[in-house]
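Chemist: The structure is given below, and queries will be raised subsequently.
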Amino acid sequence: MSRKNRGIVCIILSAFCFALMNLFVHLSGELPSVQKSFFRNLVAFFFALAVMRKDRIGFSGKRSNIPPLILRSVFGTVGILCNFYAVDHLVLADASMLNKMSPFFAIVFSYIVLKEKIRPFQAFAVGGAFLGSLLIVKPTGLGMETFPAVLGLLGGMGAGAAYTMVRYLSERGEKGPLIVCFFSGFSCLATLPFLIFDYHAMTWAQLGILLLAGLSAAGGQFSITAAYGYAPAREISVYDYSQIIFSAGLGYLVFGQVPDHLSWIGYLVICSMAVAMFFYNGHRETQ
């Protein structure tokens, strides 16, 4: 399997894991976003640490990689907190739409930081997938409150910048488990003071659900870290929209939610763009 196809598989797997994470976060009930974020990253930290010890993975020793590691962690933490806040204060469809801006920001930041060129057809495919997601989530736009909407957009920007740093670090020898462990530990330390002063008591069921959210997040982080290590954002970011399809399926299975006809059209558009991108990249490789 080529590196590009490995990246595609990894980003689709990450989309499924993050859809599971959102499901568990929603099921955990009325808890502060910071508290949800802490437990999400705490599980991911120990999971990544265990993988590092098992595979004997450590820091590459390159001092030049420390600033990108910190930037990846800062952007990722901001992205998570803003996304959770948006989910708690906006219509879920609006919050999801704003978060799905992350692939666009990843392409933009990859162009700025990594100097990766964007081909016209690839820009068209990502744009088409974005329009398909609009049909599914149907953001109200004018009905959104300004402050949480701005935070939701910042969350998508933070995630896109973080994914760019992941690719930058992968190209410079840092392993995925180290990147995930560093980010998760940084995020836990950053949110710990808020948790200490504003902790909300949880039931055992809520704790268990948040631990499951953390495991799902760990799977998503490992998968997306590997994905952007295998291939540029311009070639695989379109597949991140499969999370919407997974979310729709989980919503039906758990909550009995049935997508409307616009959603089905959106699914078709997204899948079409993904297939078109796949054949386009395959054609370029054979030339």
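As shown in the structure tokens, the chain order sets the letters A, B, ...; within each chain, residues go from 1, and ligands are also counted from 1 in the order they appear.
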At a cut-off of 10 Å, can you tabulate as JSON lines every residue of stretch 3-67 of chain A near stretch 72-82 of chain A together with its closest atom pair and the distance in Å to one decimal, using only C-alpha atoms and ordering rows by chain then number?

Modeler:
{"residue": "A:Ser33", "atom": "CA", "partner": "A:Leu81", "partner_atom": "CA", "distance": 6.6}
{"residue": "A:Val34", "atom": "CA", "partner": "A:Leu81", "partner_atom": "CA", "distance": 6.5}
{"residue": "A:Gln35", "atom": "CA", "partner": "A:Leu81", "partner_atom": "CA", "distance": 9.8}
{"residue": "A:Lys36", "atom": "CA", "partner": "A:Leu81", "partner_atom": "CA", "distance": 9.1}
{"residue": "A:Ser37", "atom": "CA", "partner": "A:Leu81", "partner_atom": "CA", "distance": 6.8}
{"residue": "A:Phe38", "atom": "CA", "partner": "A:Leu81", "partner_atom": "CA", "distance": 9.7}
{"residue": "A:Arg40", "atom": "CA", "partner": "A:Ile80", "partner_atom": "CA", "distance": 9.7}
{"residue": "A:Asn41", "atom": "CA", "partner": "A:Thr77", "partner_atom": "CA", "distance": 9.5}
{"residue": "A:Ile66", "atom": "CA", "partner": "A:Arg72", "partner_atom": "CA", "distance": 9.8}
{"residue": "A:Pro67", "atom": "CA", "partner": "A:Arg72", "partner_atom": "CA", "distance": 8.5}

Chemist: Excluding same-chain residues fewer than 5 positions from stretch 216-226 of chain A, what lies within 8 Å of it counting only C-alpha atoms, as a ChimeraX atom specification?

Modeler: /A:7,10-11,13-18,20-21,40-41,43-45,47-48,163,166-167,176-177,179-180

Chemist: Can I get the selection written as a tab-separated table (two decimals), in the first residue's frame, with N, CA, C and O atoms?

Modeler:
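Saved file part.tsv follows:
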chain	number	residue	atom	x	y	z
A	7	GLY	N	-2.35	6.98	4.25
A	7	GLY	CA	-2.87	8.21	4.83
A	7	GLY	C	-4.39	8.28	4.74
A	7	GLY	O	-5.06	8.73	5.68
A	10	CYS	N	-5.90	5.92	7.32
A	10	CYS	CA	-5.71	6.47	8.67
A	10	CYS	C	-6.67	7.63	8.95
A	10	CYS	O	-7.22	7.73	10.04
A	11	ILE	N	-6.89	8.49	7.96
A	11	ILE	CA	-7.74	9.65	8.22
A	11	ILE	C	-9.21	9.24	8.30
A	11	ILE	O	-10.00	9.84	9.05
A	13	LEU	N	-10.15	6.29	9.51
A	13	LEU	CA	-10.21	5.68	10.84
A	13	LEU	C	-10.29	6.76	11.92
A	13	LEU	O	-11.05	6.63	12.88
A	14	SER	N	-9.53	7.83	11.74
A	14	SER	CA	-9.57	8.92	12.72
A	14	SER	C	-10.95	9.57	12.74
A	14	SER	O	-11.45	9.96	13.80
A	15	ALA	N	-11.57	9.70	11.56
A	15	ALA	CA	-12.91	10.28	11.48
A	15	ALA	C	-13.91	9.45	12.27
A	15	ALA	O	-14.77	9.99	12.98
A	16	PHE	N	-13.80	8.13	12.17
A	16	PHE	CA	-14.70	7.26	12.92
A	16	PHE	C	-14.46	7.39	14.42
A	16	PHE	O	-15.41	7.47	15.22
A	17	CYS	N	-13.19	7.45	14.82
A	17	CYS	CA	-12.87	7.57	16.25
A	17	CYS	C	-13.37	8.89	16.81
A	17	CYS	O	-13.92	8.95	17.92
A	18	PHE	N	-13.21	9.97	16.06
A	18	PHE	CA	-13.67	11.27	16.55
A	18	PHE	C	-15.19	11.35	16.56
A	18	PHE	O	-15.77	12.07	17.38
A	20	LEU	N	-17.05	8.79	17.35
A	20	LEU	CA	-17.33	8.10	18.61
A	20	LEU	C	-17.08	9.03	19.80
A	20	LEU	O	-17.86	9.06	20.75
A	21	MET	N	-15.99	9.78	19.72
A	21	MET	CA	-15.66	10.70	20.81
A	21	MET	C	-16.79	11.71	21.02
A	21	MET	O	-17.22	11.96	22.15
A	40	ARG	N	-10.62	13.66	28.47
A	40	ARG	CA	-10.36	13.20	27.10
A	40	ARG	C	-8.87	13.05	26.87
A	40	ARG	O	-8.39	12.05	26.34
A	41	ASN	N	-8.08	14.05	27.29
A	41	ASN	CA	-6.65	14.04	27.04
A	41	ASN	C	-5.87	13.21	28.05
A	41	ASN	O	-4.79	12.72	27.75
A	43	VAL	N	-6.72	10.24	29.27
A	43	VAL	CA	-6.70	8.86	28.76
A	43	VAL	C	-5.75	8.75	27.58
A	43	VAL	O	-4.96	7.80	27.48
A	44	ALA	N	-5.80	9.73	26.68
A	44	ALA	CA	-4.92	9.70	25.51
A	44	ALA	C	-3.45	9.77	25.92
A	44	ALA	O	-2.59	9.13	25.30
A	45	PHE	N	-3.15	10.53	26.99
A	45	PHE	CA	-1.77	10.66	27.44
A	45	PHE	C	-1.21	9.32	27.90
A	45	PHE	O	-0.12	8.90	27.49
A	47	PHE	N	-2.39	6.34	27.27
A	47	PHE	CA	-2.41	5.41	26.15
A	47	PHE	C	-1.16	5.60	25.28
A	47	PHE	O	-0.48	4.63	24.92
A	48	ALA	N	-0.85	6.86	24.97
A	48	ALA	CA	0.33	7.16	24.15
A	48	ALA	C	1.61	6.80	24.89
A	48	ALA	O	2.57	6.30	24.29
A	163	TYR	N	-2.75	20.09	12.82
A	163	TYR	CA	-2.48	19.02	11.86
A	163	TYR	C	-1.29	19.37	10.96
A	163	TYR	O	-0.52	18.49	10.56
A	166	VAL	N	1.73	18.61	12.87
A	166	VAL	CA	1.92	17.16	12.93
A	166	VAL	C	2.71	16.69	11.72
A	166	VAL	O	3.66	15.90	11.84
A	167	ARG	N	2.32	17.17	10.53
A	167	ARG	CA	3.04	16.77	9.32
A	167	ARG	C	4.47	17.30	9.34
A	167	ARG	O	5.40	16.60	8.95
A	176	GLY	N	4.67	9.37	15.82
A	176	GLY	CA	3.30	9.70	16.18
A	176	GLY	C	3.00	9.60	17.67
A	176	GLY	O	2.41	10.52	18.25
A	177	PRO	N	3.36	8.49	18.34
A	177	PRO	CA	3.06	8.37	19.78
A	177	PRO	C	3.68	9.48	20.61
A	177	PRO	O	3.06	9.95	21.57
A	179	ILE	N	4.29	12.57	19.57
A	179	ILE	CA	3.54	13.79	19.29
A	179	ILE	C	2.22	13.80	20.07
A	179	ILE	O	1.83	14.79	20.67
A	180	VAL	N	1.53	12.64	20.08
A	180	VAL	CA	0.26	12.53	20.79
A	180	VAL	C	0.47	12.67	22.29
A	180	VAL	O	-0.28	13.36	22.98

Chemist: For A:Leu268, which of A:Gly128, A:Leu211, A:Ser110, A:Ser64 is the closest residue, counting only C-alpha atoms?

Modeler: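 Of A:Gly128, A:Leu211, A:Ser110, A:Ser64, the one nearest A:Leu268 is A:Gly128, counting only C-alpha atoms.
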
Chemist: Tell me, in Å to one decimal, how far atom CA of A:Met157 is from atom CA of A:Phe84.

Modeler: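 Distance between the two atoms: 13.9 Å.
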
Chemist: Within stretch 171-202 of chain A, find each residue whose DSSP state, derived from the backbone, is alpha helix (DSSP H), and express the selection as a list in words.

Modeler: Glu171, Gly176, Pro177, Leu178, Ile179, Val180, Cys181, Phe182, Phe183, Ser184, Gly185, Phe186, Ser187, Cys188, Leu189, Ala190, Thr191, Leu192, Pro193, Phe194, Leu195, Ile196 and Phe197 of chain A

Chemist: Could you check the closest approach to A:Phe246 for each of A:Phe39, A:Tyr267, A:Phe194, A:Phe46 and tell me which residue wins, using only C-alpha atoms?

Modeler: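 Of all the options, A:Tyr267 lies closest to A:Phe246.
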
Chemist: List the neighbours of A:Gly266 out to 6 Å using only C-alpha atoms; skip same-chain residues closer than 2 positions along the sequence, and give me the result as a PyMOL selection string.

Modeler: chain A and resi 132-133+135-136+263-264+268-269

Chemist: Take the residues that were just selected and, keeping all heavy atoms, output them as a compact mmCIF listing (two decimals), in the first residue's frame.

Modeler:
# COMPACT_ATOMS: atom_id res chain seq x y z
N GLY A 132 -21.02 19.75 0.28
CA GLY A 132 -21.81 18.59 0.68
C GLY A 132 -22.07 18.57 2.16
O GLY A 132 -23.18 18.23 2.61
N SER A 133 -21.06 18.96 2.96
CA SER A 133 -21.26 19.00 4.41
C SER A 133 -22.28 20.07 4.80
O SER A 133 -22.99 19.93 5.79
CB SER A 133 -19.92 19.23 5.11
OG SER A 133 -19.43 20.53 4.86
N LEU A 135 -24.95 20.74 3.17
CA LEU A 135 -26.26 20.13 2.98
C LEU A 135 -26.64 19.25 4.17
O LEU A 135 -27.82 19.10 4.50
CB LEU A 135 -26.28 19.30 1.70
CG LEU A 135 -26.16 20.08 0.38
CD1 LEU A 135 -25.97 19.11 -0.78
CD2 LEU A 135 -27.39 20.94 0.16
N ILE A 136 -25.63 18.67 4.81
CA ILE A 136 -25.89 17.73 5.91
C ILE A 136 -26.15 18.47 7.22
O ILE A 136 -27.14 18.23 7.91
CB ILE A 136 -24.71 16.76 6.07
CG1 ILE A 136 -24.56 15.91 4.81
CG2 ILE A 136 -24.91 15.86 7.29
CD1 ILE A 136 -23.28 15.10 4.77
N SER A 263 -29.54 15.72 3.62
CA SER A 263 -28.39 15.02 4.18
C SER A 263 -27.93 13.90 3.25
O SER A 263 -26.73 13.72 3.03
CB SER A 263 -28.74 14.45 5.56
OG SER A 263 -28.96 15.48 6.49
N TRP A 264 -28.87 13.16 2.71
CA TRP A 264 -28.50 12.08 1.79
C TRP A 264 -27.81 12.62 0.55
O TRP A 264 -26.86 12.02 0.04
CB TRP A 264 -29.73 11.26 1.41
CG TRP A 264 -30.25 10.41 2.52
CD1 TRP A 264 -31.42 10.54 3.19
CD2 TRP A 264 -29.58 9.28 3.12
NE1 TRP A 264 -31.54 9.58 4.16
CE2 TRP A 264 -30.43 8.79 4.14
CE3 TRP A 264 -28.35 8.66 2.90
CZ2 TRP A 264 -30.08 7.70 4.94
CZ3 TRP A 264 -28.01 7.56 3.69
CH2 TRP A 264 -28.87 7.10 4.69
N LEU A 268 -23.88 11.86 -0.74
CA LEU A 268 -23.52 11.52 -2.12
C LEU A 268 -22.44 12.45 -2.66
O LEU A 268 -21.48 12.00 -3.31
CB LEU A 268 -24.76 11.58 -3.01
CG LEU A 268 -24.55 11.26 -4.49
CD1 LEU A 268 -24.02 9.85 -4.67
CD2 LEU A 268 -25.84 11.46 -5.27
N VAL A 269 -22.57 13.75 -2.36
CA VAL A 269 -21.58 14.72 -2.82
C VAL A 269 -20.22 14.44 -2.21
O VAL A 269 -19.20 14.42 -2.90
CB VAL A 269 -22.03 16.15 -2.48
CG1 VAL A 269 -20.92 17.16 -2.76
CG2 VAL A 269 -23.28 16.52 -3.28

Chemist: Would you pick out the contacts of A:Pro232 at 9 Å or less, using only C-alpha atoms, so that residues sharing its chain but fewer than 4 positions from it are not included, and give the list as a ChimeraX atom specification?

Modeler: /A:4,7,107,110,116,167,227-228,236-237

Chemist: Take the residues from that selection and write them out as a compact mmCIF listing (two decimals), in the first residue's frame, keeping N, CA, C and O atoms.

Modeler:
# COMPACT_ATOMS: atom_id res chain seq x y z
N LYS A 4 0.27 7.35 0.35
CA LYS A 4 -0.96 8.12 0.20
C LYS A 4 -2.17 7.31 0.63
O LYS A 4 -3.04 7.80 1.37
N GLY A 7 -2.35 6.98 4.25
CA GLY A 7 -2.87 8.21 4.83
C GLY A 7 -4.39 8.28 4.74
O GLY A 7 -5.06 8.73 5.68
N ILE A 107 -4.95 22.91 4.84
CA ILE A 107 -4.40 23.13 3.51
C ILE A 107 -3.74 24.51 3.43
O ILE A 107 -2.64 24.66 2.89
N SER A 110 -0.58 24.44 5.48
CA SER A 110 0.43 23.61 4.80
C SER A 110 1.07 24.39 3.66
O SER A 110 2.27 24.25 3.39
N GLU A 116 3.58 23.49 0.50
CA GLU A 116 2.95 22.46 -0.33
C GLU A 116 1.97 23.12 -1.31
O GLU A 116 1.08 23.87 -0.90
N ARG A 167 2.32 17.17 10.53
CA ARG A 167 3.04 16.77 9.32
C ARG A 167 4.47 17.30 9.34
O ARG A 167 5.40 16.60 8.95
N ALA A 227 -1.86 9.79 9.58
CA ALA A 227 -2.35 10.19 8.27
C ALA A 227 -1.56 11.35 7.69
O ALA A 227 -1.09 11.29 6.54
N TYR A 228 -1.38 12.41 8.48
CA TYR A 228 -0.67 13.57 7.97
C TYR A 228 0.84 13.35 7.94
O TYR A 228 1.58 14.16 7.37
N ILE A 236 -5.39 14.25 1.21
CA ILE A 236 -6.21 13.37 2.07
C ILE A 236 -7.24 14.10 2.91
O ILE A 236 -8.13 13.45 3.48
N SER A 237 -7.16 15.43 3.01
CA SER A 237 -8.06 16.14 3.92
C SER A 237 -9.52 15.97 3.55
O SER A 237 -10.39 16.02 4.42

Chemist: Would you please work out which residue, of A:Ala233, A:Pro68, A:Ile209, A:Phe279, is nearest to A:Gly29 when using only C-alpha atoms?

Modeler: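 Smallest distance to A:Gly29 is found for A:Ile209.
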
Chemist: Which residue out of A:Lys117, A:Arg3, A:His89, A:Lys175 has the minimum interatomic distance to A:Met52 when only C-alpha atoms are used?

Modeler: A:Lys175
